[in-house]
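**Q** Next up is a structure, given as structure tokens.
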Amino acid sequence: MPLCVRCRAKEAVVYQPHTGDRLCRVCFISDIIARVSREIFRYGMIRYGDRILIGISGGKDSFVLLDILSQIYDPSKLGGVTVVEGIEGYNRVEHLEEIRRSASQRGVDIHVISLKDLWGASVDDMVRASIAKGQRISPCTYCGIHRRKSINLVARELGYDRVATAHNLDDEVQTILINIMRGDIDRLYMNHPLRPRLSKLFIPKIKPLRKIYEWETAKYAYLAGYRPQEVECPYLEHFPSLRVRIRDIVYKIETSRPGTMLKLIEWFDREFNPSKVEKAVKLGECSICGEPTSPGRSICKSCELQLKTLGSARTAFLRPGTSQYGASALLS
Ligand code: SF4
Ligand code: ZN
Ligand code: ZN
């Protein structure tokens with residue numbers, strides 16, 4: 001391997017196709033941290049003193065986010081949240097020790113919550129109930145909606161100011177293209193880092209890794225010594241197929257024209273800035289759980305799914321004076 005083009009002292013270990021640079025371990029990691037810091041600063045993602053809750057899945061992306069934020073921000077202002085979905089053979093429980101170790105080495109507390117404790121049904125329970133009723137509800141729909149709802153609840157109840165998620169450039173480009181293909185302009189604007197806050201009940205989300213390629217987060221995690229046990233979710237086949245098809249097409253284009261994904265997200269940031277839109281719709285509140293719900297709906301998607309599949313819906317809350325979750329009021 002030739003020498004690193006930045007420091008010209010160490011051997012290069014990474015080739016970055018979008019810049020054409022060959023970098024050593026130290027310069028590659030510094031490059032990623034600098035790009036993440038620039039993105040945070042550019043969009044004012046973090047204000048001085050903010051408490052940030054990081055969504056931690058235990059995968060490489062969330063490890064990289066935790067590692068970078070704990071280096072560039074006060075770790076005492078950071079927390080992590082891990083959601084146990086309750087999927088046999090694929091469970092955060094098995095990875096929890098690794099996640100806790102990584103967080104505690106960086107001085108970050110982790111909150112662990114389980115979908116079953118909060119909403120009365122794990123993803124597996126929901127799949128069984130849905131099959132028994134002859135419904136065709138995707139596990140990913142239940143999983144995604146309730147994971148987001150749970151993280152928002154924890155952040156709000158524990159007084160965090162922002163929720164940081166580990167979406168990378170590949171995820172963001174796929175989402176932009178999906179919304180364009182569906183002609184869903186409202187969602188497209190809502191993917192911009194300057195999107196308005198549609199409800200005071202939603203803790204604003206930030207995505208500091210949105211301009212970092214997935215291969216870069218994988219390389220960063222590897223070079224930082226993180227070796228998570230990669231286990232695939234058995235429900236992966238239910239993952240939205242349009243996303244998978246778009247991912248494959250985008251990868252082909254990126255391989256022949258390196259930098260395409262970065263150009264696309266920069267174009268999106270310029271052209272779809274929500275401040276150019278006249279007014280944002282304010283969300284109403286669900287009549288069962290009190291959480292925000294889309295315009296024209298009296299109950300939220302989560303309560304609708306619970307009622308349809310489980311026969312009842314819950315409102316979850318934090319036990320007073322503790323950081324324990326799971327107590328819920330049942331409504332049917
Ligand atoms: Fe949840 Fe679907 Fe992802 Fe499995 S593949 S973790 S069910 S969203
Ligand atoms: Zn170097
Ligand atoms: Zn609801």
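Letters A, B, ... go to the chains of the structure tokens in the order shown; residues in each chain start at 1; ligands are counted from 1 in the same order.
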I want to know what sits within 7 Å of region 26-36 of chain A, based on only C-alpha atoms, with residues of the same chain fewer than 4 positions away left out; could you give that as JSON, numbers by chain?

**A** {"A": [6, 40, 68, 208, 209, 220]}

**Q** Restrict the selected residues to N, CA and C atoms and save them as an mmCIF file, in the first residue's frame.

**A**
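Contents of selection_12.cif, as written:
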data_model
loop_
_atom_site.group_PDB
_atom_site.id
_atom_site.type_symbol
_atom_site.label_atom_id
_atom_site.label_comp_id
_atom_site.auth_asym_id
_atom_site.auth_seq_id
_atom_site.Cartn_x
_atom_site.Cartn_y
_atom_site.Cartn_z
ATOM 1 N N ARG A 6 -2.813 12.294 3.112
ATOM 2 C CA ARG A 6 -2.962 13.431 4.041
ATOM 3 C C ARG A 6 -1.678 13.646 4.849
ATOM 4 N N ILE A 40 -23.187 18.469 11.691
ATOM 5 C CA ILE A 40 -23.888 18.875 12.921
ATOM 6 C C ILE A 40 -23.907 20.398 13.012
ATOM 7 N N ILE A 68 -18.369 8.645 17.918
ATOM 8 C CA ILE A 68 -18.063 10.012 17.460
ATOM 9 C C ILE A 68 -18.676 11.049 18.404
ATOM 10 N N PRO A 208 -26.679 12.597 12.448
ATOM 11 C CA PRO A 208 -25.320 13.127 12.192
ATOM 12 C C PRO A 208 -24.530 12.349 11.129
ATOM 13 N N LEU A 209 -24.899 11.079 10.865
ATOM 14 C CA LEU A 209 -24.114 10.282 9.893
ATOM 15 C C LEU A 209 -24.687 10.362 8.483
ATOM 16 N N TYR A 220 -14.924 2.167 9.656
ATOM 17 C CA TYR A 220 -14.622 2.892 10.895
ATOM 18 C C TYR A 220 -14.773 1.936 12.087
#

**Q** Show which residues sit within 12 Å of Ile178 (chain A), as an MDAnalysis selection string. Count only C-alpha atoms, and ignore same-chain residues fewer than 3 positions away.

**A** chainID A and resid 171:175 181:185 187:188 191 240:247 250

**Q** Using only C-alpha atoms and all ligand atoms, what does the table of chain A residues within 9 Å of ligand 1 look like, with each row giving the shortest atom pair and its distance in Å to one decimal, sorted by chain and ascending number, as CSV?

**A**
residue,atom,partner,partner_atom_place_in_ligand_line,distance
A:Glu85,CA,ligand 1,1 (Fe),7.1
A:Ile87,CA,ligand 1,7 (S),7.6
A:Tyr90,CA,ligand 1,6 (S),8.1
A:Asn91,CA,ligand 1,6 (S),8.9
A:Val123,CA,ligand 1,7 (S),6.9
A:Asp124,CA,ligand 1,7 (S),8.8
A:Ser138,CA,ligand 1,2 (Fe),7.9
A:Pro139,CA,ligand 1,7 (S),4.9
A:Cys140,CA,ligand 1,2 (Fe),3.5
A:Thr141,CA,ligand 1,8 (S),6.9
A:Tyr142,CA,ligand 1,7 (S),7.7
A:Cys143,CA,ligand 1,1 (Fe),4.6
A:Gly144,CA,ligand 1,8 (S),5.3
A:Ile145,CA,ligand 1,8 (S),8.9
A:Arg147,CA,ligand 1,1 (Fe),8.4
A:Glu232,CA,ligand 1,5 (S),7.9
A:Cys233,CA,ligand 1,4 (Fe),4.7
A:Pro234,CA,ligand 1,4 (Fe),6.6
A:Tyr235,CA,ligand 1,4 (Fe),4.9
A:Leu236,CA,ligand 1,5 (S),3.9
A:Glu237,CA,ligand 1,5 (S),7.3
A:His238,CA,ligand 1,2 (Fe),6.4
A:Phe239,CA,ligand 1,5 (S),5.5
A:Pro240,CA,ligand 1,2 (Fe),8.7

**Q** Could you write out that same residue set with C-alpha atoms as a JSON list (two decimals), in the first residue's frame?

**A**
[["chain", "number", "residue", "atom", "x", "y", "z"],
["A", 85, "GLU", "CA", -38.03, -6.13, 19.82],
["A", 87, "ILE", "CA", -37.64, -11.66, 17.88],
["A", 90, "TYR", "CA", -32.36, -12.11, 16.70],
["A", 91, "ASN", "CA", -32.38, -10.21, 19.88],
["A", 123, "VAL", "CA", -42.78, -8.53, 17.37],
["A", 124, "ASP", "CA", -43.07, -12.35, 17.53],
["A", 138, "SER", "CA", -45.75, -7.01, 8.08],
["A", 139, "PRO", "CA", -43.58, -7.56, 11.19],
["A", 140, "CYS", "CA", -41.51, -4.58, 10.04],
["A", 141, "THR", "CA", -44.56, -2.30, 10.21],
["A", 142, "TYR", "CA", -45.29, -3.19, 13.83],
["A", 143, "CYS", "CA", -41.57, -3.19, 14.70],
["A", 144, "GLY", "CA", -40.73, 0.16, 13.05],
["A", 145, "ILE", "CA", -43.76, 2.09, 14.31],
["A", 147, "ARG", "CA", -39.64, 1.24, 18.03],
["A", 232, "GLU", "CA", -29.81, -11.14, 10.43],
["A", 233, "CYS", "CA", -33.38, -10.58, 11.48],
["A", 234, "PRO", "CA", -35.49, -13.56, 10.36],
["A", 235, "TYR", "CA", -38.15, -11.10, 9.16],
["A", 236, "LEU", "CA", -35.76, -9.34, 6.80],
["A", 237, "GLU", "CA", -37.62, -10.76, 3.81],
["A", 238, "HIS", "CA", -40.56, -8.51, 4.83],
["A", 239, "PHE", "CA", -38.39, -5.41, 4.67],
["A", 240, "PRO", "CA", -39.87, -3.03, 2.08]]

**Q** Which residues, written as a list in words, have at least one atom at most 12 Å from Leu194 (chain A), with only C-alpha atoms counted and residues fewer than 6 positions away on the same chain left out?

**A**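 Once the nearby chain positions are removed, what remains is Glu39, Ile40, Arg42, Tyr43, Gly44, Met45, Leu188, Pro204, Lys205, Ile206, Lys207, Phe268, Asp269, Arg270, Phe272, Asn273, Pro274, Ser275, Lys276 and Val277 of chain A.
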
**Q** Would you save the residues from that selection as an mmCIF file, in the first residue's frame, using N, CA, C and O atoms?

**A**
data_model
loop_
_atom_site.group_PDB
_atom_site.id
_atom_site.type_symbol
_atom_site.label_atom_id
_atom_site.label_comp_id
_atom_site.auth_asym_id
_atom_site.auth_seq_id
_atom_site.Cartn_x
_atom_site.Cartn_y
_atom_site.Cartn_z
ATOM 1 N N GLU A 39 -21.407 18.516 9.553
ATOM 2 C CA GLU A 39 -22.836 18.358 9.286
ATOM 3 C C GLU A 39 -23.664 18.815 10.502
ATOM 4 O O GLU A 39 -24.685 19.484 10.345
ATOM 5 N N ILE A 40 -23.187 18.469 11.691
ATOM 6 C CA ILE A 40 -23.888 18.875 12.921
ATOM 7 C C ILE A 40 -23.907 20.398 13.012
ATOM 8 O O ILE A 40 -24.925 21.031 13.285
ATOM 9 N N ARG A 42 -23.363 22.620 10.502
ATOM 10 C CA ARG A 42 -24.047 23.237 9.361
ATOM 11 C C ARG A 42 -25.552 23.368 9.614
ATOM 12 O O ARG A 42 -26.163 24.366 9.249
ATOM 13 N N TYR A 43 -26.157 22.339 10.207
ATOM 14 C CA TYR A 43 -27.609 22.367 10.412
ATOM 15 C C TYR A 43 -28.004 22.612 11.871
ATOM 16 O O TYR A 43 -29.170 22.434 12.219
ATOM 17 N N GLY A 44 -27.075 23.029 12.688
ATOM 18 C CA GLY A 44 -27.381 23.324 14.095
ATOM 19 C C GLY A 44 -28.068 22.165 14.784
ATOM 20 O O GLY A 44 -29.045 22.355 15.519
ATOM 21 N N MET A 45 -27.578 20.950 14.541
ATOM 22 C CA MET A 45 -28.269 19.772 15.076
ATOM 23 C C MET A 45 -28.227 19.729 16.608
ATOM 24 O O MET A 45 -29.118 19.186 17.240
ATOM 25 N N LEU A 188 -40.929 13.951 1.738
ATOM 26 C CA LEU A 188 -39.622 14.328 1.193
ATOM 27 C C LEU A 188 -39.057 15.526 1.979
ATOM 28 O O LEU A 188 -37.929 15.490 2.448
ATOM 29 N N PRO A 204 -37.178 16.353 18.675
ATOM 30 C CA PRO A 204 -36.542 16.474 17.354
ATOM 31 C C PRO A 204 -35.456 15.422 17.141
ATOM 32 O O PRO A 204 -34.675 15.119 18.045
ATOM 33 N N LYS A 205 -35.450 14.891 15.919
ATOM 34 C CA LYS A 205 -34.477 13.844 15.561
ATOM 35 C C LYS A 205 -33.320 14.449 14.783
ATOM 36 O O LYS A 205 -33.535 15.317 13.940
ATOM 37 N N ILE A 206 -32.138 13.953 15.035
ATOM 38 C CA ILE A 206 -30.988 14.370 14.234
ATOM 39 C C ILE A 206 -30.296 13.132 13.668
ATOM 40 O O ILE A 206 -30.356 12.061 14.270
ATOM 41 N N LYS A 207 -29.668 13.308 12.495
ATOM 42 C CA LYS A 207 -28.995 12.171 11.851
ATOM 43 C C LYS A 207 -27.569 12.607 11.471
ATOM 44 O O LYS A 207 -27.300 12.946 10.332
ATOM 45 N N PHE A 268 -30.535 17.484 -2.802
ATOM 46 C CA PHE A 268 -31.747 17.436 -1.978
ATOM 47 C C PHE A 268 -31.708 18.541 -0.913
ATOM 48 O O PHE A 268 -32.685 19.271 -0.712
ATOM 49 N N ASP A 269 -30.566 18.693 -0.254
ATOM 50 C CA ASP A 269 -30.456 19.697 0.814
ATOM 51 C C ASP A 269 -30.699 21.110 0.284
ATOM 52 O O ASP A 269 -31.286 21.947 0.955
ATOM 53 N N ARG A 270 -30.224 21.356 -0.952
ATOM 54 C CA ARG A 270 -30.418 22.687 -1.550
ATOM 55 C C ARG A 270 -31.864 22.906 -1.975
ATOM 56 O O ARG A 270 -32.454 23.941 -1.701
ATOM 57 N N PHE A 272 -34.770 21.083 -1.371
ATOM 58 C CA PHE A 272 -35.942 20.710 -0.563
ATOM 59 C C PHE A 272 -35.847 21.257 0.860
ATOM 60 O O PHE A 272 -36.285 20.620 1.808
ATOM 61 N N ASN A 273 -35.294 22.428 0.980
ATOM 62 C CA ASN A 273 -35.215 23.071 2.281
ATOM 63 C C ASN A 273 -36.633 23.461 2.722
ATOM 64 O O ASN A 273 -37.287 24.248 2.053
ATOM 65 N N PRO A 274 -37.130 22.904 3.847
ATOM 66 C CA PRO A 274 -38.526 23.157 4.228
ATOM 67 C C PRO A 274 -38.815 24.623 4.526
ATOM 68 O O PRO A 274 -39.973 25.028 4.532
ATOM 69 N N SER A 275 -37.784 25.443 4.765
ATOM 70 C CA SER A 275 -38.065 26.849 5.047
ATOM 71 C C SER A 275 -38.634 27.552 3.812
ATOM 72 O O SER A 275 -39.196 28.632 3.899
ATOM 73 N N LYS A 276 -38.512 26.893 2.633
ATOM 74 C CA LYS A 276 -39.092 27.478 1.415
ATOM 75 C C LYS A 276 -40.600 27.205 1.324
ATOM 76 O O LYS A 276 -41.290 27.756 0.506
ATOM 77 N N VAL A 277 -41.082 26.271 2.173
ATOM 78 C CA VAL A 277 -42.506 25.924 2.117
ATOM 79 C C VAL A 277 -43.275 26.882 3.004
ATOM 80 O O VAL A 277 -42.810 27.268 4.075
#

**Q** Using Å and a single decimal, report how far CA of Glu214 (chain A) sits from CA of Cys4 (chain A).

**A** 21.6 Å

**Q** Which residues of chain A sit at most 9 Å from ligand 2, using only C-alpha atoms and all ligand atoms? Give each one's shortest atom pair and distance in Å (one decimal place), in chain and ascending residue order, as a Markdown table.

**A**
| residue | atom | partner | partner_atom_place_in_ligand_line | distance |
| --- | --- | --- | --- | --- |
| A:Leu3 | CA | ligand 2 | 1 (Zn) | 7.6 |
| A:Cys4 | CA | ligand 2 | 1 (Zn) | 4.6 |
| A:Val5 | CA | ligand 2 | 1 (Zn) | 6.6 |
| A:Arg6 | CA | ligand 2 | 1 (Zn) | 5.0 |
| A:Cys7 | CA | ligand 2 | 1 (Zn) | 4.0 |
| A:Arg8 | CA | ligand 2 | 1 (Zn) | 6.1 |
| A:Ala9 | CA | ligand 2 | 1 (Zn) | 6.4 |
| A:Lys10 | CA | ligand 2 | 1 (Zn) | 5.5 |
| A:Glu11 | CA | ligand 2 | 1 (Zn) | 7.3 |
| A:Ala12 | CA | ligand 2 | 1 (Zn) | 6.8 |
| A:Arg22 | CA | ligand 2 | 1 (Zn) | 8.6 |
| A:Leu23 | CA | ligand 2 | 1 (Zn) | 5.4 |
| A:Cys24 | CA | ligand 2 | 1 (Zn) | 4.3 |
| A:Arg25 | CA | ligand 2 | 1 (Zn) | 6.8 |
| A:Val26 | CA | ligand 2 | 1 (Zn) | 5.8 |
| A:Cys27 | CA | ligand 2 | 1 (Zn) | 4.3 |
| A:Phe28 | CA | ligand 2 | 1 (Zn) | 7.2 |

**Q** Contacts between ligand 3 and chain A, please, where a residue of chain A counts if it comes within 9 Å (with only C-alpha atoms and all ligand atoms); show its shortest atom pair and distance in Å to one decimal, rows by chain and ascending number, as CSV.

**A**
residue,atom,partner,partner_atom_place_in_ligand_line,distance
A:Glu285,CA,ligand 3,1 (Zn),7.8
A:Cys286,CA,ligand 3,1 (Zn),4.6
A:Ser287,CA,ligand 3,1 (Zn),6.6
A:Ile288,CA,ligand 3,1 (Zn),5.0
A:Cys289,CA,ligand 3,1 (Zn),4.1
A:Gly290,CA,ligand 3,1 (Zn),6.0
A:Glu291,CA,ligand 3,1 (Zn),5.6
A:Pro292,CA,ligand 3,1 (Zn),7.6
A:Thr293,CA,ligand 3,1 (Zn),7.3
A:Ser298,CA,ligand 3,1 (Zn),8.6
A:Ile299,CA,ligand 3,1 (Zn),5.2
A:Cys300,CA,ligand 3,1 (Zn),4.2
A:Lys301,CA,ligand 3,1 (Zn),6.7
A:Ser302,CA,ligand 3,1 (Zn),5.6
A:Cys303,CA,ligand 3,1 (Zn),4.2
A:Glu304,CA,ligand 3,1 (Zn),7.2
A:Ala313,CA,ligand 3,1 (Zn),7.6
A:Arg314,CA,ligand 3,1 (Zn),7.9
A:Thr315,CA,ligand 3,1 (Zn),7.3

**Q** Take the selection from the previous step and output its residues with all heavy atoms, as a short mmCIF file (atom, residue, chain, number, x, y, z; two decimals), in the first residue's frame.

**A**
data_model
loop_
_atom_site.label_atom_id
_atom_site.label_comp_id
_atom_site.auth_asym_id
_atom_site.auth_seq_id
_atom_site.Cartn_x
_atom_site.Cartn_y
_atom_site.Cartn_z
N GLU A 285 -53.64 14.87 18.14
CA GLU A 285 -53.23 13.87 19.14
C GLU A 285 -54.18 12.68 19.11
O GLU A 285 -55.39 12.85 18.97
CB GLU A 285 -53.19 14.52 20.53
CG GLU A 285 -51.98 15.44 20.65
CD GLU A 285 -51.98 16.31 21.90
OE1 GLU A 285 -52.70 15.96 22.85
OE2 GLU A 285 -51.27 17.32 21.89
N CYS A 286 -53.62 11.51 19.26
CA CYS A 286 -54.39 10.26 19.21
C CYS A 286 -55.37 10.21 20.40
O CYS A 286 -54.99 10.52 21.52
CB CYS A 286 -53.42 9.09 19.28
SG CYS A 286 -54.21 7.50 19.50
N SER A 287 -56.61 9.81 20.13
CA SER A 287 -57.62 9.82 21.20
C SER A 287 -57.40 8.67 22.19
O SER A 287 -57.98 8.65 23.26
CB SER A 287 -59.03 9.74 20.61
OG SER A 287 -59.14 8.55 19.85
N ILE A 288 -56.53 7.71 21.86
CA ILE A 288 -56.26 6.62 22.81
C ILE A 288 -54.99 6.89 23.61
O ILE A 288 -55.01 6.97 24.83
CB ILE A 288 -56.14 5.27 22.08
CG1 ILE A 288 -57.49 4.90 21.45
CG2 ILE A 288 -55.68 4.17 23.05
CD1 ILE A 288 -57.49 3.59 20.69
N CYS A 289 -53.87 7.08 22.91
CA CYS A 289 -52.59 7.17 23.64
C CYS A 289 -52.11 8.61 23.83
O CYS A 289 -51.19 8.84 24.60
CB CYS A 289 -51.52 6.35 22.92
SG CYS A 289 -51.02 7.04 21.34
N GLY A 290 -52.72 9.55 23.13
CA GLY A 290 -52.33 10.95 23.31
C GLY A 290 -51.10 11.35 22.53
O GLY A 290 -50.66 12.50 22.56
N GLU A 291 -50.51 10.41 21.79
CA GLU A 291 -49.32 10.73 20.99
C GLU A 291 -49.75 11.41 19.68
O GLU A 291 -50.92 11.31 19.29
CB GLU A 291 -48.54 9.44 20.68
CG GLU A 291 -47.97 8.73 21.89
CD GLU A 291 -46.87 9.51 22.60
OE1 GLU A 291 -46.08 10.18 21.91
OE2 GLU A 291 -46.81 9.46 23.84
N PRO A 292 -48.80 12.07 18.99
CA PRO A 292 -49.18 12.77 17.75
C PRO A 292 -49.72 11.81 16.69
O PRO A 292 -49.31 10.66 16.62
CB PRO A 292 -47.85 13.37 17.28
CG PRO A 292 -46.98 13.39 18.47
CD PRO A 292 -47.40 12.24 19.33
N THR A 293 -50.66 12.32 15.92
CA THR A 293 -51.22 11.50 14.84
C THR A 293 -51.42 12.35 13.59
O THR A 293 -51.56 13.57 13.68
CB THR A 293 -52.54 10.84 15.30
OG1 THR A 293 -52.98 9.96 14.28
CG2 THR A 293 -53.63 11.84 15.59
N SER A 298 -58.08 10.07 13.91
CA SER A 298 -58.38 10.29 15.33
C SER A 298 -57.52 9.39 16.20
O SER A 298 -57.27 9.69 17.35
CB SER A 298 -59.87 10.06 15.61
OG SER A 298 -60.18 8.72 15.30
N ILE A 299 -57.08 8.24 15.66
CA ILE A 299 -56.14 7.42 16.44
C ILE A 299 -54.87 7.20 15.61
O ILE A 299 -54.90 7.22 14.38
CB ILE A 299 -56.74 6.06 16.89
CG1 ILE A 299 -57.09 5.17 15.71
CG2 ILE A 299 -57.93 6.26 17.80
CD1 ILE A 299 -57.44 3.76 16.14
N CYS A 300 -53.77 7.00 16.32
CA CYS A 300 -52.50 6.89 15.61
C CYS A 300 -52.34 5.49 15.02
O CYS A 300 -53.08 4.57 15.35
CB CYS A 300 -51.33 7.23 16.54
SG CYS A 300 -51.03 5.99 17.79
N LYS A 301 -51.35 5.36 14.16
CA LYS A 301 -51.11 4.09 13.46
C LYS A 301 -50.78 2.97 14.45
O LYS A 301 -51.18 1.83 14.27
CB LYS A 301 -49.92 4.33 12.51
CG LYS A 301 -49.77 3.32 11.44
CD LYS A 301 -50.69 3.57 10.24
CE LYS A 301 -50.59 2.41 9.28
NZ LYS A 301 -51.83 1.82 8.87
N SER A 302 -50.06 3.33 15.51
CA SER A 302 -49.67 2.32 16.50
C SER A 302 -50.91 1.76 17.20
O SER A 302 -51.07 0.55 17.31
CB SER A 302 -48.72 2.98 17.51
OG SER A 302 -48.83 2.41 18.77
N CYS A 303 -51.80 2.65 17.67
CA CYS A 303 -53.01 2.17 18.35
C CYS A 303 -53.88 1.41 17.37
O CYS A 303 -54.51 0.40 17.75
CB CYS A 303 -53.78 3.35 18.96
SG CYS A 303 -52.95 4.02 20.40
N GLU A 304 -53.93 1.85 16.13
CA GLU A 304 -54.75 1.15 15.12
C GLU A 304 -54.26 -0.29 14.95
O GLU A 304 -55.05 -1.23 14.95
CB GLU A 304 -54.67 1.91 13.80
CG GLU A 304 -55.57 1.35 12.71
CD GLU A 304 -55.35 2.07 11.40
OE1 GLU A 304 -55.86 3.19 11.25
OE2 GLU A 304 -54.67 1.51 10.52
N ALA A 313 -55.46 -1.54 22.89
CA ALA A 313 -54.31 -0.63 22.69
C ALA A 313 -53.88 -0.06 24.02
O ALA A 313 -54.69 0.07 24.94
CB ALA A 313 -54.70 0.50 21.74
N ARG A 314 -52.61 0.26 24.13
CA ARG A 314 -52.07 0.72 25.41
C ARG A 314 -51.54 2.15 25.32
O ARG A 314 -51.08 2.57 24.27
CB ARG A 314 -50.87 -0.15 25.80
CG ARG A 314 -51.23 -1.52 26.22
CD ARG A 314 -49.96 -2.26 26.55
NE ARG A 314 -50.28 -3.52 27.22
CZ ARG A 314 -49.53 -4.04 28.18
NH1 ARG A 314 -48.44 -3.45 28.57
NH2 ARG A 314 -49.87 -5.18 28.74
N THR A 315 -51.55 2.83 26.46
CA THR A 315 -50.77 4.06 26.56
C THR A 315 -49.67 3.75 27.57
O THR A 315 -49.97 3.27 28.66
CB THR A 315 -51.59 5.26 27.06
OG1 THR A 315 -51.98 4.99 28.38
CG2 THR A 315 -52.80 5.47 26.21
#

**Q** Residues at most 12 Å from Tyr48 (chain A), counting only C-alpha atoms, excluding those fewer than 4 positions away in the same chain, as a short mmCIF file (atom, residue, chain, number, x, y, z; two decimals) with N, CA and C atoms, in the first residue's frame?

**A**
data_model
loop_
_atom_site.label_atom_id
_atom_site.label_comp_id
_atom_site.auth_asym_id
_atom_site.auth_seq_id
_atom_site.Cartn_x
_atom_site.Cartn_y
_atom_site.Cartn_z
N ILE A 40 -23.19 18.47 11.69
CA ILE A 40 -23.89 18.87 12.92
C ILE A 40 -23.91 20.40 13.01
N PHE A 41 -22.75 21.01 12.72
CA PHE A 41 -22.63 22.46 12.82
C PHE A 41 -23.46 23.15 11.73
N GLY A 44 -27.08 23.03 12.69
CA GLY A 44 -27.38 23.32 14.10
C GLY A 44 -28.07 22.17 14.78
N ILE A 52 -28.68 14.55 24.56
CA ILE A 52 -28.93 13.78 23.34
C ILE A 52 -29.13 12.31 23.68
N TYR A 73 -18.60 15.66 21.88
CA TYR A 73 -19.59 16.31 22.76
C TYR A 73 -19.41 15.75 24.17
N ASP A 74 -19.96 16.47 25.14
CA ASP A 74 -19.84 16.07 26.54
C ASP A 74 -20.59 14.74 26.79
N LYS A 77 -23.78 14.44 28.77
CA LYS A 77 -25.05 14.93 28.18
C LYS A 77 -25.62 13.91 27.21
N ASP A 161 -33.28 16.42 24.78
CA ASP A 161 -33.65 17.48 23.84
C ASP A 161 -33.63 17.02 22.39
N ARG A 162 -32.85 15.98 22.10
CA ARG A 162 -32.73 15.48 20.73
C ARG A 162 -32.62 13.96 20.76
#

**Q** Could you go through region 153-293 of chain A and tell me which residues DSSP, when run on the backbone, assigns to strand (DSSP E), listing them as a VMD selection string?

**A** chain A and resid 162 to 164 205 to 206 284 to 285 292 to 293

**Q** Give the alpha helix (DSSP H) residues of region 31-265 of chain A, as DSSP finds them on the backbone, and put them as a PyMOL selection string.

**A** chain A and resi 31-42+60-72+92-105+115-119+123-132+139-157+169-182+185-190+214-223+241-256+260-265

**Q** With only C-alpha atoms as the basis for distance, which of A:Ile56, A:Val13, A:Leu115, A:Ile131 is at the shortest distance from Glu98 (chain A)?

**A**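 Of A:Ile56, A:Val13, A:Leu115, A:Ile131, the one nearest Glu98 (chain A) is A:Ile56, counting only C-alpha atoms.
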
**Q** Distance CA of Asp50 (chain A)-CA of Leu198 (chain A), one decimal place?

**A** 19.6 Å

**Q** Using only C-alpha atoms, can you tell me which of A:Lys219, A:Arg195, A:Arg51, A:Arg210 comes closest to Ser37 (chain A)?

**A** A:Arg210

**Q** Which one is closest to Met126 (chain A): A:Gly107, A:Leu66, A:Gly86, A:Arg297? Count only C-alpha atoms.

**A**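 Of all the options, A:Gly86 lies closest to Met126 (chain A).
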
**Q** Given the choices A:Asn179, A:Thr217, A:Ser62, A:Gln306, which gets closest to Ala164 (chain A) if the distance is worked out from only C-alpha atoms?

**A**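 The answer is A:Ser62, which sits nearest to Ala164 (chain A).
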
**Q** With only C-alpha atoms as the counted atoms, please give the residues lying no more than 10 Å from Leu153 (chain A), apart from itself and same-chain residues fewer than 3 positions off, as a list in words.

**A**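 Those residues are Arg147, Arg148, Lys149, Ser150, Arg156, Glu157, Leu158, Gly159, Leu201, Phe202, Ile203, Glu291, Ala316, Phe317, Leu318 and Tyr325 of chain A.
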